[in-house]
>>> print(open('query.pdb').read())   # PDB, C-alpha atoms
ATOM      1  CA  MET A  17       9.590  -5.244 -55.637
ATOM      2  CA  LYS A  18       8.300  -4.759 -52.132
ATOM      3  CA  ILE A  19       9.371  -1.683 -50.181
ATOM      4  CA  ARG A  20       8.859  -1.128 -46.494
ATOM      5  CA  VAL A  21       8.812   2.530 -45.400
ATOM      6  CA  LEU A  22       9.073   3.482 -41.753
ATOM      7  CA  VAL A  23       7.853   6.972 -40.842
ATOM      8  CA  ARG A  24       8.270   8.318 -37.337
ATOM      9  CA  PRO A  25       8.244  11.610 -35.444
ATOM     10  CA  LYS A  26      11.565  13.454 -35.677
ATOM     11  CA  SER A  27      13.592  13.268 -32.522
ATOM     12  CA  GLY A  28      12.684  16.111 -30.226
ATOM     13  CA  ILE A  29       9.142  16.340 -31.608
ATOM     14  CA  LEU A  30       6.547  15.685 -29.005
ATOM     15  CA  ASP A  31       5.017  12.243 -29.515
ATOM     16  CA  PRO A  32       1.824  12.227 -27.426
ATOM     17  CA  GLN A  33       0.844   8.756 -28.678
ATOM     18  CA  GLY A  34       4.142   7.267 -27.564
ATOM     19  CA  GLU A  35       3.888   9.099 -24.274
ATOM     20  CA  ALA A  36       0.358   7.784 -23.654
ATOM     21  CA  VAL A  37       1.505   4.210 -24.310
ATOM     22  CA  ARG A  38       4.595   4.680 -22.152
ATOM     23  CA  SER A  39       2.440   5.708 -19.235
ATOM     24  CA  ALA A  40      -0.086   2.888 -19.914
ATOM     25  CA  LEU A  41       2.426   0.013 -19.849
ATOM     26  CA  PRO A  42       3.220   0.257 -16.131
ATOM     27  CA  ALA A  43      -0.514   0.036 -15.453
ATOM     28  CA  LEU A  44      -0.320  -3.513 -16.827
ATOM     29  CA  GLY A  45       2.595  -4.344 -14.583
ATOM     30  CA  PHE A  46       5.430  -3.771 -17.078
ATOM     31  CA  SER A  47       8.303  -1.855 -15.557
ATOM     32  CA  GLY A  48      11.511  -0.210 -16.691
ATOM     33  CA  ILE A  49      10.013   1.434 -19.796
ATOM     34  CA  GLU A  50      11.980   4.578 -20.532
ATOM     35  CA  THR A  51      10.564   5.801 -23.813
ATOM     36  CA  VAL A  52       7.993   4.734 -26.384
ATOM     37  CA  HIS A  53       7.768   6.238 -29.862
ATOM     38  CA  ILE A  54       5.056   5.435 -32.350
ATOM     39  CA  GLY A  55       5.517   5.640 -36.094
ATOM     40  CA  ARG A  56       3.853   4.309 -39.203
ATOM     41  CA  LEU A  57       4.771   1.356 -41.396
ATOM     42  CA  ILE A  58       3.924   1.650 -45.090
ATOM     43  CA  GLU A  59       4.412  -1.233 -47.516
ATOM     44  CA  LEU A  60       4.544  -0.556 -51.241
ATOM     45  CA  GLU A  61       4.831  -2.815 -54.228
ATOM     46  CA  VAL A  62       6.567  -0.915 -57.002
ATOM     47  CA  GLU A  63       8.285  -1.649 -60.275
ATOM     48  CA  SER A  64      11.341   0.371 -59.313
ATOM     49  CA  ALA A  65      12.663   2.011 -56.157
ATOM     50  CA  ASP A  66      13.849   5.094 -58.044
ATOM     51  CA  GLU A  67      11.115   7.370 -56.794
ATOM     52  CA  VAL A  68      10.630   6.085 -53.265
ATOM     53  CA  ASP A  69      12.548   8.991 -51.728
ATOM     54  CA  ALA A  70      10.417  11.482 -53.649
ATOM     55  CA  MET A  71       7.245   9.681 -52.531
ATOM     56  CA  CYS A  72       8.430   9.800 -48.932
ATOM     57  CA  GLU A  73       9.271  13.481 -49.088
ATOM     58  CA  ARG A  74       6.168  14.612 -50.924
ATOM     59  CA  LEU A  75       3.444  12.469 -49.403
ATOM     60  CA  LEU A  76       4.323   9.494 -47.213
ATOM     61  CA  SER A  77       6.005  11.635 -44.574
ATOM     62  CA  ASN A  78       5.753  15.288 -43.580
ATOM     63  CA  PRO A  79       9.396  16.412 -43.377
ATOM     64  CA  THR A  80       8.432  19.230 -41.001
ATOM     65  CA  ILE A  81       7.645  16.764 -38.241
ATOM     66  CA  GLU A  82       8.645  13.291 -39.409
ATOM     67  CA  GLU A  83      11.664  11.363 -40.639
ATOM     68  CA  TYR A  84      11.582   8.251 -42.761
ATOM     69  CA  GLU A  85      13.724   5.310 -43.792
ATOM     70  CA  TRP A  86      12.947   2.549 -46.254
ATOM     71  CA  GLU A  87      14.254  -0.823 -47.317
ATOM     72  CA  VAL A  88      13.609  -3.316 -50.067
ATOM     73  CA  VAL A  89      11.928  -6.299 -48.464
ATOM     74  CA  HIS A  90      12.378  -8.722 -51.368
TER      75      HIS A  90
ATOM     76  CA  MET B   9     -20.704  49.878 -51.230
ATOM     77  CA  GLY B  10     -23.356  49.115 -53.792
ATOM     78  CA  GLY B  11     -21.033  47.123 -56.044
ATOM     79  CA  CYS B  12     -21.324  43.439 -56.731
ATOM     80  CA  PRO B  13     -21.154  41.369 -53.564
ATOM     81  CA  LEU B  14     -17.840  39.665 -52.957
ATOM     82  CA  ARG B  15     -17.713  36.080 -54.234
ATOM     83  CA  ILE B  16     -16.331  33.849 -51.498
ATOM     84  CA  GLY B  17     -15.536  30.242 -52.342
ATOM     85  CA  VAL B  18     -15.696  27.368 -49.864
ATOM     86  CA  THR B  19     -13.852  24.186 -50.838
ATOM     87  CA  VAL B  20     -15.655  20.878 -50.369
ATOM     88  CA  PHE B  21     -13.582  17.713 -50.032
ATOM     89  CA  PRO B  22     -14.986  14.265 -49.249
ATOM     90  CA  GLY B  23     -15.175  14.416 -45.453
ATOM     91  CA  SER B  24     -15.389  18.210 -45.105
ATOM     92  CA  ASN B  25     -18.084  18.873 -42.522
ATOM     93  CA  CYS B  26     -17.997  22.622 -41.916
ATOM     94  CA  ASP B  27     -18.536  23.630 -45.537
ATOM     95  CA  ARG B  28     -22.244  24.325 -45.108
ATOM     96  CA  ASP B  29     -21.635  26.340 -41.950
ATOM     97  CA  ALA B  30     -19.005  28.344 -43.821
ATOM     98  CA  LEU B  31     -21.326  28.918 -46.786
ATOM     99  CA  HIS B  32     -24.048  30.059 -44.370
ATOM    100  CA  ALA B  33     -21.611  32.428 -42.662
ATOM    101  CA  VAL B  34     -20.646  33.884 -46.050
ATOM    102  CA  GLU B  35     -24.332  34.490 -46.736
ATOM    103  CA  ARG B  36     -24.672  36.214 -43.351
ATOM    104  CA  MET B  37     -21.789  38.495 -44.367
ATOM    105  CA  GLY B  38     -23.770  39.598 -47.407
ATOM    106  CA  ALA B  39     -21.279  37.993 -49.773
ATOM    107  CA  ASP B  40     -21.958  35.418 -52.475
ATOM    108  CA  PRO B  41     -21.245  31.864 -51.226
ATOM    109  CA  ILE B  42     -19.663  29.739 -53.962
ATOM    110  CA  GLU B  43     -19.153  26.005 -53.511
ATOM    111  CA  LEU B  44     -15.810  24.798 -54.849
ATOM    112  CA  TRP B  45     -15.960  21.038 -55.373
ATOM    113  CA  HIS B  46     -12.685  19.165 -54.799
ATOM    114  CA  ALA B  47     -12.624  18.073 -58.449
ATOM    115  CA  ASP B  48     -13.265  21.558 -59.863
ATOM    116  CA  PRO B  49     -10.509  22.650 -62.238
ATOM    117  CA  ASP B  50     -10.828  26.362 -61.392
ATOM    118  CA  LEU B  51     -11.998  28.688 -58.629
ATOM    119  CA  LYS B  52     -15.064  30.105 -60.446
ATOM    120  CA  ASN B  53     -13.702  33.668 -60.286
ATOM    121  CA  VAL B  54     -14.008  33.973 -56.522
ATOM    122  CA  ASP B  55     -12.486  36.906 -54.639
ATOM    123  CA  ALA B  56     -11.521  34.868 -51.568
ATOM    124  CA  VAL B  57     -11.479  31.232 -50.487
ATOM    125  CA  ILE B  58     -12.286  29.505 -47.206
ATOM    126  CA  VAL B  59     -10.917  25.978 -46.733
ATOM    127  CA  PRO B  60     -13.320  24.645 -44.104
ATOM    128  CA  GLY B  61     -12.972  22.178 -41.274
ATOM    129  CA  GLY B  62     -13.815  18.516 -41.198
ATOM    130  CA  PHE B  63     -12.012  15.274 -41.831
ATOM    131  CA  SER B  64     -11.069  15.543 -45.498
ATOM    132  CA  TYR B  65     -10.353  12.090 -46.928
ATOM    133  CA  GLY B  66     -10.934  10.611 -43.490
ATOM    134  CA  ASP B  67      -7.703  12.171 -42.174
ATOM    135  CA  TYR B  68      -5.972   9.208 -43.853
ATOM    136  CA  LEU B  69      -2.167   9.253 -43.597
ATOM    137  CA  ARG B  70      -2.139  12.677 -41.890
ATOM    138  CA  PRO B  71      -4.878  15.314 -41.612
ATOM    139  CA  GLY B  72      -4.848  17.320 -44.853
ATOM    140  CA  ALA B  73      -2.228  15.145 -46.552
ATOM    141  CA  ILE B  74      -4.534  13.768 -49.256
ATOM    142  CA  ALA B  75      -6.728  16.860 -49.727
ATOM    143  CA  ARG B  76      -3.595  18.791 -50.539
ATOM    144  CA  PHE B  77      -3.426  16.976 -53.902
ATOM    145  CA  ALA B  78      -7.124  17.366 -54.804
ATOM    146  CA  LYS B  79      -7.698  18.933 -58.217
ATOM    147  CA  VAL B  80      -9.095  22.195 -56.828
ATOM    148  CA  MET B  81      -5.909  22.718 -54.816
ATOM    149  CA  PHE B  82      -3.860  23.498 -57.924
ATOM    150  CA  PRO B  83      -5.758  26.672 -58.892
ATOM    151  CA  LEU B  84      -6.073  27.440 -55.175
ATOM    152  CA  GLU B  85      -2.288  27.363 -54.762
ATOM    153  CA  ASP B  86      -1.893  29.722 -57.733
ATOM    154  CA  PHE B  87      -4.535  32.012 -56.236
ATOM    155  CA  ALA B  88      -2.772  31.987 -52.850
ATOM    156  CA  ARG B  89       0.654  32.587 -54.352
ATOM    157  CA  SER B  90      -0.658  35.537 -56.349
ATOM    158  CA  GLY B  91      -1.989  37.228 -53.206
ATOM    159  CA  GLY B  92      -5.614  36.026 -53.089
ATOM    160  CA  PRO B  93      -7.144  35.909 -49.595
ATOM    161  CA  VAL B  94      -7.347  32.329 -48.304
ATOM    162  CA  LEU B  95      -8.553  31.267 -44.847
ATOM    163  CA  GLY B  96      -8.027  27.721 -43.600
ATOM    164  CA  VAL B  97     -10.115  26.736 -40.590
ATOM    165  CA  CYS B  98      -9.176  23.687 -38.508
ATOM    166  CA  ASN B  99      -8.778  20.874 -41.087
ATOM    167  CA  GLY B 100      -8.404  23.694 -43.639
ATOM    168  CA  PHE B 101      -5.409  24.971 -41.627
ATOM    169  CA  GLN B 102      -3.976  21.437 -41.713
ATOM    170  CA  VAL B 103      -4.511  21.283 -45.490
ATOM    171  CA  LEU B 104      -2.703  24.618 -45.998
ATOM    172  CA  THR B 105       0.310  23.489 -43.940
ATOM    173  CA  GLU B 106       0.466  20.216 -45.882
ATOM    174  CA  ALA B 107       0.339  22.259 -49.094
ATOM    175  CA  HIS B 108       3.283  24.368 -47.820
ATOM    176  CA  LEU B 109       1.190  27.520 -48.135
ATOM    177  CA  LEU B 110       1.693  27.969 -44.382
ATOM    178  CA  SER B 111       4.680  27.070 -42.199
ATOM    179  CA  GLY B 112       4.659  24.432 -39.501
ATOM    180  CA  ALA B 113       2.390  21.490 -38.839
ATOM    181  CA  LEU B 114      -0.443  20.469 -36.529
ATOM    182  CA  LEU B 115       0.408  17.600 -34.170
ATOM    183  CA  ARG B 116      -1.828  15.499 -31.923
ATOM    184  CA  ASN B 117      -3.116  17.442 -28.923
ATOM    185  CA  THR B 118      -0.777  16.868 -26.000
ATOM    186  CA  ASN B 119      -3.569  15.416 -23.871
ATOM    187  CA  MET B 120      -4.363  12.850 -26.632
ATOM    188  CA  ARG B 121      -8.017  13.873 -26.534
ATOM    189  CA  PHE B 122     -10.311  15.361 -29.121
ATOM    190  CA  ILE B 123     -10.975  18.847 -27.768
ATOM    191  CA  CYS B 124     -14.439  20.308 -28.312
ATOM    192  CA  ASP B 125     -14.769  23.531 -26.393
ATOM    193  CA  ARG B 126     -14.927  27.296 -26.540
ATOM    194  CA  VAL B 127     -11.645  29.092 -26.088
ATOM    195  CA  ARG B 128     -10.538  32.668 -25.637
ATOM    196  CA  VAL B 129      -8.150  33.940 -28.295
ATOM    197  CA  ARG B 130      -6.404  37.242 -28.866
ATOM    198  CA  ILE B 131      -5.956  38.942 -32.232
ATOM    199  CA  GLU B 132      -2.214  39.507 -32.665
ATOM    200  CA  ASN B 133      -2.015  40.867 -36.200
ATOM    201  CA  THR B 134      -4.540  42.923 -38.135
ATOM    202  CA  GLY B 135      -2.426  43.086 -41.274
ATOM    203  CA  THR B 136      -4.197  40.131 -42.900
ATOM    204  CA  PRO B 137      -7.404  40.183 -44.956
ATOM    205  CA  TRP B 138      -9.028  37.964 -42.319
ATOM    206  CA  THR B 139      -8.254  40.225 -39.345
ATOM    207  CA  ALA B 140      -8.257  43.663 -40.999
ATOM    208  CA  GLY B 141     -11.567  44.544 -39.325
ATOM    209  CA  CYS B 142     -10.330  43.581 -35.853
ATOM    210  CA  GLU B 143      -8.111  45.374 -33.391
ATOM    211  CA  VAL B 144      -4.749  44.184 -32.120
ATOM    212  CA  GLY B 145      -5.287  42.770 -28.635
ATOM    213  CA  GLU B 146      -9.001  42.193 -29.251
ATOM    214  CA  GLU B 147     -10.224  39.048 -27.504
ATOM    215  CA  LEU B 148     -12.778  36.663 -28.976
ATOM    216  CA  THR B 149     -14.461  33.511 -27.701
ATOM    217  CA  LEU B 150     -14.481  30.911 -30.473
ATOM    218  CA  PRO B 151     -15.252  27.193 -30.668
ATOM    219  CA  VAL B 152     -12.495  24.641 -31.244
ATOM    220  CA  ALA B 153     -13.042  21.007 -32.230
ATOM    221  CA  HIS B 154      -9.895  19.118 -33.111
ATOM    222  CA  ASN B 155      -7.644  16.172 -32.413
ATOM    223  CA  GLU B 156      -4.562  17.610 -34.136
ATOM    224  CA  GLY B 157      -4.455  21.271 -33.169
ATOM    225  CA  ASN B 158      -1.082  21.326 -31.499
ATOM    226  CA  TYR B 159       0.804  23.822 -33.655
ATOM    227  CA  PHE B 160       4.466  23.031 -34.159
ATOM    228  CA  ALA B 161       7.248  24.777 -36.043
ATOM    229  CA  ASP B 162      10.991  24.325 -35.605
ATOM    230  CA  GLU B 163      12.865  27.007 -33.666
ATOM    231  CA  ALA B 164      14.117  28.906 -36.708
ATOM    232  CA  THR B 165      10.663  28.985 -38.325
ATOM    233  CA  LEU B 166       9.081  30.007 -35.054
ATOM    234  CA  ALA B 167      11.568  32.861 -34.635
ATOM    235  CA  THR B 168      10.750  34.056 -38.168
ATOM    236  CA  LEU B 169       7.006  33.894 -37.506
ATOM    237  CA  GLU B 170       7.342  35.876 -34.289
ATOM    238  CA  ASP B 171       9.847  38.410 -35.683
ATOM    239  CA  GLU B 172       7.694  39.077 -38.727
ATOM    240  CA  GLY B 173       4.490  39.308 -36.686
ATOM    241  CA  ARG B 174       2.962  36.370 -38.510
ATOM    242  CA  VAL B 175       1.211  34.891 -35.484
ATOM    243  CA  VAL B 176      -2.379  35.973 -36.143
ATOM    244  CA  LEU B 177      -4.248  34.421 -33.209
ATOM    245  CA  ARG B 178      -3.044  33.282 -29.798
ATOM    246  CA  TYR B 179      -4.856  31.255 -27.137
ATOM    247  CA  LEU B 180      -5.273  32.932 -23.765
ATOM    248  CA  GLU B 181      -5.348  29.449 -22.229
ATOM    249  CA  ASN B 182      -3.556  26.923 -24.395
ATOM    250  CA  PRO B 183      -5.862  23.908 -24.882
ATOM    251  CA  ASN B 184      -3.700  21.648 -27.034
ATOM    252  CA  GLY B 185       0.010  22.204 -26.406
ATOM    253  CA  SER B 186       0.612  24.587 -29.332
ATOM    254  CA  VAL B 187       4.038  26.178 -29.247
ATOM    255  CA  ASN B 188       3.876  29.835 -28.068
ATOM    256  CA  ASP B 189       0.081  29.433 -27.606
ATOM    257  CA  ILE B 190      -0.333  29.802 -31.368
ATOM    258  CA  ALA B 191      -3.921  29.414 -32.632
ATOM    259  CA  GLY B 192      -3.329  30.872 -36.093
ATOM    260  CA  VAL B 193      -0.573  32.031 -38.432
ATOM    261  CA  CYS B 194      -0.245  33.681 -41.821
ATOM    262  CA  ASN B 195       2.140  33.335 -44.741
ATOM    263  CA  GLU B 196       4.842  35.810 -45.690
ATOM    264  CA  GLY B 197       2.459  37.697 -47.971
ATOM    265  CA  ARG B 198      -0.130  37.790 -45.145
ATOM    266  CA  ASN B 199      -2.928  36.820 -47.531
ATOM    267  CA  VAL B 200      -3.066  33.171 -46.435
ATOM    268  CA  VAL B 201      -4.227  32.601 -42.861
ATOM    269  CA  GLY B 202      -4.768  29.342 -40.980
ATOM    270  CA  ILE B 203      -6.570  29.148 -37.649
ATOM    271  CA  MET B 204      -7.738  26.231 -35.503
ATOM    272  CA  PRO B 205     -10.845  27.924 -33.986
ATOM    273  CA  HIS B 206     -14.095  27.923 -35.992
ATOM    274  CA  PRO B 207     -15.429  31.455 -36.641
ATOM    275  CA  GLU B 208     -18.200  30.075 -38.887
ATOM    276  CA  ARG B 209     -19.697  28.228 -35.916
ATOM    277  CA  VAL B 210     -20.381  31.538 -34.175
ATOM    278  CA  SER B 211     -21.667  33.605 -37.052
ATOM    279  CA  ASP B 212     -25.402  33.670 -36.433
ATOM    280  CA  PRO B 213     -27.487  34.641 -33.364
ATOM    281  CA  ALA B 214     -29.103  31.192 -33.642
ATOM    282  CA  LEU B 215     -25.682  29.729 -32.794
ATOM    283  CA  GLY B 216     -25.426  31.809 -29.632
ATOM    284  CA  SER B 217     -22.831  34.264 -30.857
ATOM    285  CA  GLU B 218     -21.736  36.250 -33.881
ATOM    286  CA  GLU B 219     -18.162  36.842 -32.738
ATOM    287  CA  GLY B 220     -16.841  34.747 -35.619
ATOM    288  CA  LEU B 221     -18.001  37.420 -38.042
ATOM    289  CA  ARG B 222     -15.290  39.713 -36.617
ATOM    290  CA  ILE B 223     -12.822  37.502 -38.450
ATOM    291  CA  LEU B 224     -14.860  36.492 -41.504
ATOM    292  CA  GLU B 225     -16.186  39.985 -42.247
ATOM    293  CA  SER B 226     -12.666  41.375 -42.134
ATOM    294  CA  VAL B 227     -12.249  40.186 -45.706
ATOM    295  CA  LEU B 228     -14.897  42.722 -46.735
ATOM    296  CA  VAL B 229     -12.812  45.553 -45.252
ATOM    297  CA  GLY B 230      -9.837  44.895 -47.508
ATOM    298  CA  ALA B 231     -12.148  44.659 -50.501
ATOM    299  CA  GLY B 232     -13.630  48.039 -49.597
ATOM    300  CA  VAL B 233     -17.150  46.617 -49.402
TER     301      VAL B 233
END
>>> encode(input="query.pdb", output="structure tokens")
Amino acid sequence: MKIRVLVRPKSGILDPQGEAVRSALPALGFSGIETVHIGRLIELEVESADEVDAMCERLLSNPTIEEYEWEVVH
Amino acid sequence: MGGCPLRIGVTVFPGSNCDRDALHAVERMGADPIELWHADPDLKNVDAVIVPGGFSYGDYLRPGAIARFAKVMFPLEDFARSGGPVLGVCNGFQVLTEAHLLSGALLRNTNMRFICDRVRVRIENTGTPWTAGCEVGEELTLPVAHNEGNYFADEATLATLEDEGRVVLRYLENPNGSVNDIAGVCNEGRNVVGIMPHPERVSDPALGSEEGLRILESVLVGAGV
């Protein structure tokens, strides 16, 4: 099965990448942008989803600074 | 004095790029430099380990995230947990946080730039094997070269680090956004230290300064050499 994992900075953690993009968008004429946050999308093909949480906690995300969610794509 | 020189290991991961500088610095200290290959199953009886800077495994996923599971890290974790002196420099600091041997994490620099500079830092704690030869309040000028040097720990962890005096180095002028100007921390046992500045890059007159030896040679003090 295909799993899609989304990893992103925990709320309240400084996200300099998001901040840089937020300040770059108006330079292209886009307005009204309040916040931008940048995360990471990881797609896995696995036989079972049993260990996806463990994978996320031990390697795919760093729980000190990031949170994750995942879904079965199909 | 007069005994066998201390054996100091330097780990080498694919993408490490300060390992040779670290080995050279160890030689300058009069200790025995021992290369520890990432696939080595043991630490070759070293007395201390330096995890050097660089871009281990291309910084894939997160800096240090892949190196943390290299074969040599398993005996290194045992060594660290049993009180062996371990120093992580720059990417080595990132590896040690990923391995949960040190608290916190290193985020992108707030200015989103790779910072390559010399910075002033202050020694905050001399109770570690890597600062035992320094004085509290001593100021050093050391090189930094990093993209993710912005030290972060949640409020509770930060309070613990400060209360227990586990901040080892602090920037005089914060280059990267690190919380509380933190440039280096140690673990609860004080034997594992991680710092962003590179002492090995200022450990030879040919490099313009030997101030880095203040930190590196500290490990000889604890060993009574």
>>> resolve_selection(input="query.pdb", expression="the PyMOL selection byres ((chain A) within 7 of (chain B))", output="PyMOL selection string")
chain A and resi 32-33+75+80
>>> resolve_selection(input="query.pdb", expression="the PyMOL selection byres ((chain A and resi 26) around 8)", output="list in words")
Arg24, Pro25, Ser27, Gly28, Ile29, Ile81, Glu82 and Glu83 of chain A
>>> resolve_selection(input="query.pdb", expression="the PyMOL selection byres ((chain B and resi 141) around 9)", output="JSON, numbers by chain")
{"B": [134, 137, 138, 139, 140, 142, 143, 222, 223, 224, 225, 226, 227, 228, 229, 230]}
>>> atom_distance(input="query.pdb", atom1="CA of Gly216 (chain B)", atom2="CA of Tyr159 (chain B)")
27.7 Å
>>> atom_distance(input="query.pdb", atom1="CA of Cys26 (chain B)", atom2="CA of Gly62 (chain B)")
5.9 Å
>>> residues_near_point(input="query.pdb", point="(6.5, 31.8, -36.6)", cutoff="12 Å", atoms="all atoms listed in the file", output="PyMOL selection string")
chain B and resi 110-113+159-178+186-196
>>> write_last_selection(input="query.pdb", atoms="C-alpha atoms", output="PDB file, in the coordinates of the input")
ATOM      1  CA  LEU B 110       1.693  27.969 -44.382  1.00  0.00           C
ATOM      2  CA  SER B 111       4.680  27.070 -42.199  1.00  0.00           C
ATOM      3  CA  GLY B 112       4.659  24.432 -39.501  1.00  0.00           C
ATOM      4  CA  ALA B 113       2.390  21.490 -38.839  1.00  0.00           C
ATOM      5  CA  TYR B 159       0.804  23.822 -33.655  1.00  0.00           C
ATOM      6  CA  PHE B 160       4.466  23.031 -34.159  1.00  0.00           C
ATOM      7  CA  ALA B 161       7.248  24.777 -36.043  1.00  0.00           C
ATOM      8  CA  ASP B 162      10.991  24.325 -35.605  1.00  0.00           C
ATOM      9  CA  GLU B 163      12.865  27.007 -33.666  1.00  0.00           C
ATOM     10  CA  ALA B 164      14.117  28.906 -36.708  1.00  0.00           C
ATOM     11  CA  THR B 165      10.663  28.985 -38.325  1.00  0.00           C
ATOM     12  CA  LEU B 166       9.081  30.007 -35.054  1.00  0.00           C
ATOM     13  CA  ALA B 167      11.568  32.861 -34.635  1.00  0.00           C
ATOM     14  CA  THR B 168      10.750  34.056 -38.168  1.00  0.00           C
ATOM     15  CA  LEU B 169       7.006  33.894 -37.506  1.00  0.00           C
ATOM     16  CA  GLU B 170       7.342  35.876 -34.289  1.00  0.00           C
ATOM     17  CA  ASP B 171       9.847  38.410 -35.683  1.00  0.00           C
ATOM     18  CA  GLU B 172       7.694  39.077 -38.727  1.00  0.00           C
ATOM     19  CA  GLY B 173       4.490  39.308 -36.686  1.00  0.00           C
ATOM     20  CA  ARG B 174       2.962  36.370 -38.510  1.00  0.00           C
ATOM     21  CA  VAL B 175       1.211  34.891 -35.484  1.00  0.00           C
ATOM     22  CA  VAL B 176      -2.379  35.973 -36.143  1.00  0.00           C
ATOM     23  CA  LEU B 177      -4.248  34.421 -33.209  1.00  0.00           C
ATOM     24  CA  ARG B 178      -3.044  33.282 -29.798  1.00  0.00           C
ATOM     25  CA  SER B 186       0.612  24.587 -29.332  1.00  0.00           C
ATOM     26  CA  VAL B 187       4.038  26.178 -29.247  1.00  0.00           C
ATOM     27  CA  ASN B 188       3.876  29.835 -28.068  1.00  0.00           C
ATOM     28  CA  ASP B 189       0.081  29.433 -27.606  1.00  0.00           C
ATOM     29  CA  ILE B 190      -0.333  29.802 -31.368  1.00  0.00           C
ATOM     30  CA  ALA B 191      -3.921  29.414 -32.632  1.00  0.00           C
ATOM     31  CA  GLY B 192      -3.329  30.872 -36.093  1.00  0.00           C
ATOM     32  CA  VAL B 193      -0.573  32.031 -38.432  1.00  0.00           C
ATOM     33  CA  CYS B 194      -0.245  33.681 -41.821  1.00  0.00           C
ATOM     34  CA  ASN B 195       2.140  33.335 -44.741  1.00  0.00           C
ATOM     35  CA  GLU B 196       4.842  35.810 -45.690  1.00  0.00           C
TER      36      GLU B 196
END
>>> atom_distance(input="query.pdb", atom1="CA of Met71 (chain A)", atom2="CA of Val21 (chain A)")
10.2 Å
>>> residues_around(input="query.pdb", residues="Glu63 (chain A)", least_positions_apart="6", cutoff="12 Å", atoms="all atoms listed in the file", output="PyMOL selection string")
chain A and resi 17-19+88
>>> residues_around(input="query.pdb", residues="Arg209 (chain B)", least_positions_apart="6", cutoff="9 Å", atoms="all atoms listed in the file", output="number ranges by chain")
B: 26, 29-30, 33, 150-151, 215, 217-218, 220
>>> closest_residue(input="query.pdb", among="B:Asn53, B:Asn25, B:Ser211, B:Ser64", to="Leu84 (chain B)", atoms="only C-alpha atoms")
B:Asn53
>>> residues_near_point(input="query.pdb", point="(-10.2, 11.4, -41.4)", cutoff="12 Å", atoms="all atoms listed in the file", output="list of chain:residue names")
B:Phe21, B:Pro22, B:Gly23, B:Ser24, B:Asn25, B:Gly61, B:Gly62, B:Phe63, B:Ser64, B:Tyr65, B:Gly66, B:Asp67, B:Tyr68, B:Leu69, B:Arg70, B:Pro71, B:Gly72, B:Ala73, B:Ile74, B:Ala75, B:Asn99, B:Gln102, B:His154, B:Asn155, B:Glu156
>>> residues_around(input="query.pdb", residues="Ile42 (chain B)", least_positions_apart="2", cutoff="7 Å", atoms="only C-alpha atoms", output="count of residues only")
6
>>> axis_aligned_box(input="query.pdb", around="region 35-52 of chain A", padding_each_side="6 Å", output="lines of an AutoDock Vina configuration file")
center_x = 5.7
center_y = 2.4
center_z = -20.5
size_x = 24.5
size_y = 25.4
size_z = 23.8
>>> closest_residue(input="query.pdb", among="A:Val23, A:Glu50, A:Gly45, A:Val37", to="Cys72 (chain A)", atoms="only C-alpha atoms")
A:Val23
>>> residues_around(input="query.pdb", residues="Phe101 (chain B)", least_positions_apart="3", cutoff="7 Å", atoms="all atoms listed in the file", output="JSON, numbers by chain")
{"B": [96, 97, 98, 104, 105, 202, 203, 204]}
>>> residues_around(input="query.pdb", residues="Asp69 (chain A)", least_positions_apart="2", cutoff="12 Å", atoms="only C-alpha atoms", output="list in words")
Ile19, Arg20, Val21, Leu22, Ser64, Ala65, Asp66, Glu67, Met71, Cys72, Glu73, Arg74, Leu75, Leu76, Ser77, Pro79, Glu83, Tyr84, Glu85, Trp86 and Glu87 of chain A
>>> closest_residue(input="query.pdb", among="B:Gly38, B:Leu14, B:Arg128, B:Phe82", to="Asp55 (chain B)", atoms="only C-alpha atoms")
B:Leu14
>>> build_atoms(input="query.pdb", residues="region 185-193 of chain B", atoms="N, CA and C atoms", output="compact mmCIF listing (two decimals), in the frame of the given file")
# COMPACT_ATOMS: atom_id res chain seq x y z
N GLY B 185 -1.44 22.35 -26.41
CA GLY B 185 0.01 22.20 -26.41
C GLY B 185 0.73 23.00 -27.48
N SER B 186 0.00 23.81 -28.25
CA SER B 186 0.61 24.59 -29.33
C SER B 186 1.79 25.41 -28.83
N VAL B 187 2.86 25.40 -29.60
CA VAL B 187 4.04 26.18 -29.25
C VAL B 187 3.67 27.67 -29.23
N ASN B 188 4.15 28.39 -28.24
CA ASN B 188 3.88 29.84 -28.07
C ASN B 188 2.38 30.18 -28.06
N ASP B 189 1.55 29.22 -27.67
CA ASP B 189 0.08 29.43 -27.61
C ASP B 189 -0.52 29.83 -28.95
N ILE B 190 0.10 29.37 -30.03
CA ILE B 190 -0.33 29.80 -31.37
C ILE B 190 -1.64 29.11 -31.79
N ALA B 191 -2.64 29.93 -32.14
CA ALA B 191 -3.92 29.41 -32.63
C ALA B 191 -4.08 29.68 -34.12
N GLY B 192 -3.22 30.56 -34.67
CA GLY B 192 -3.33 30.87 -36.09
C GLY B 192 -2.11 31.62 -36.59
N VAL B 193 -1.74 31.36 -37.83
CA VAL B 193 -0.57 32.03 -38.43
C VAL B 193 -0.93 32.48 -39.86
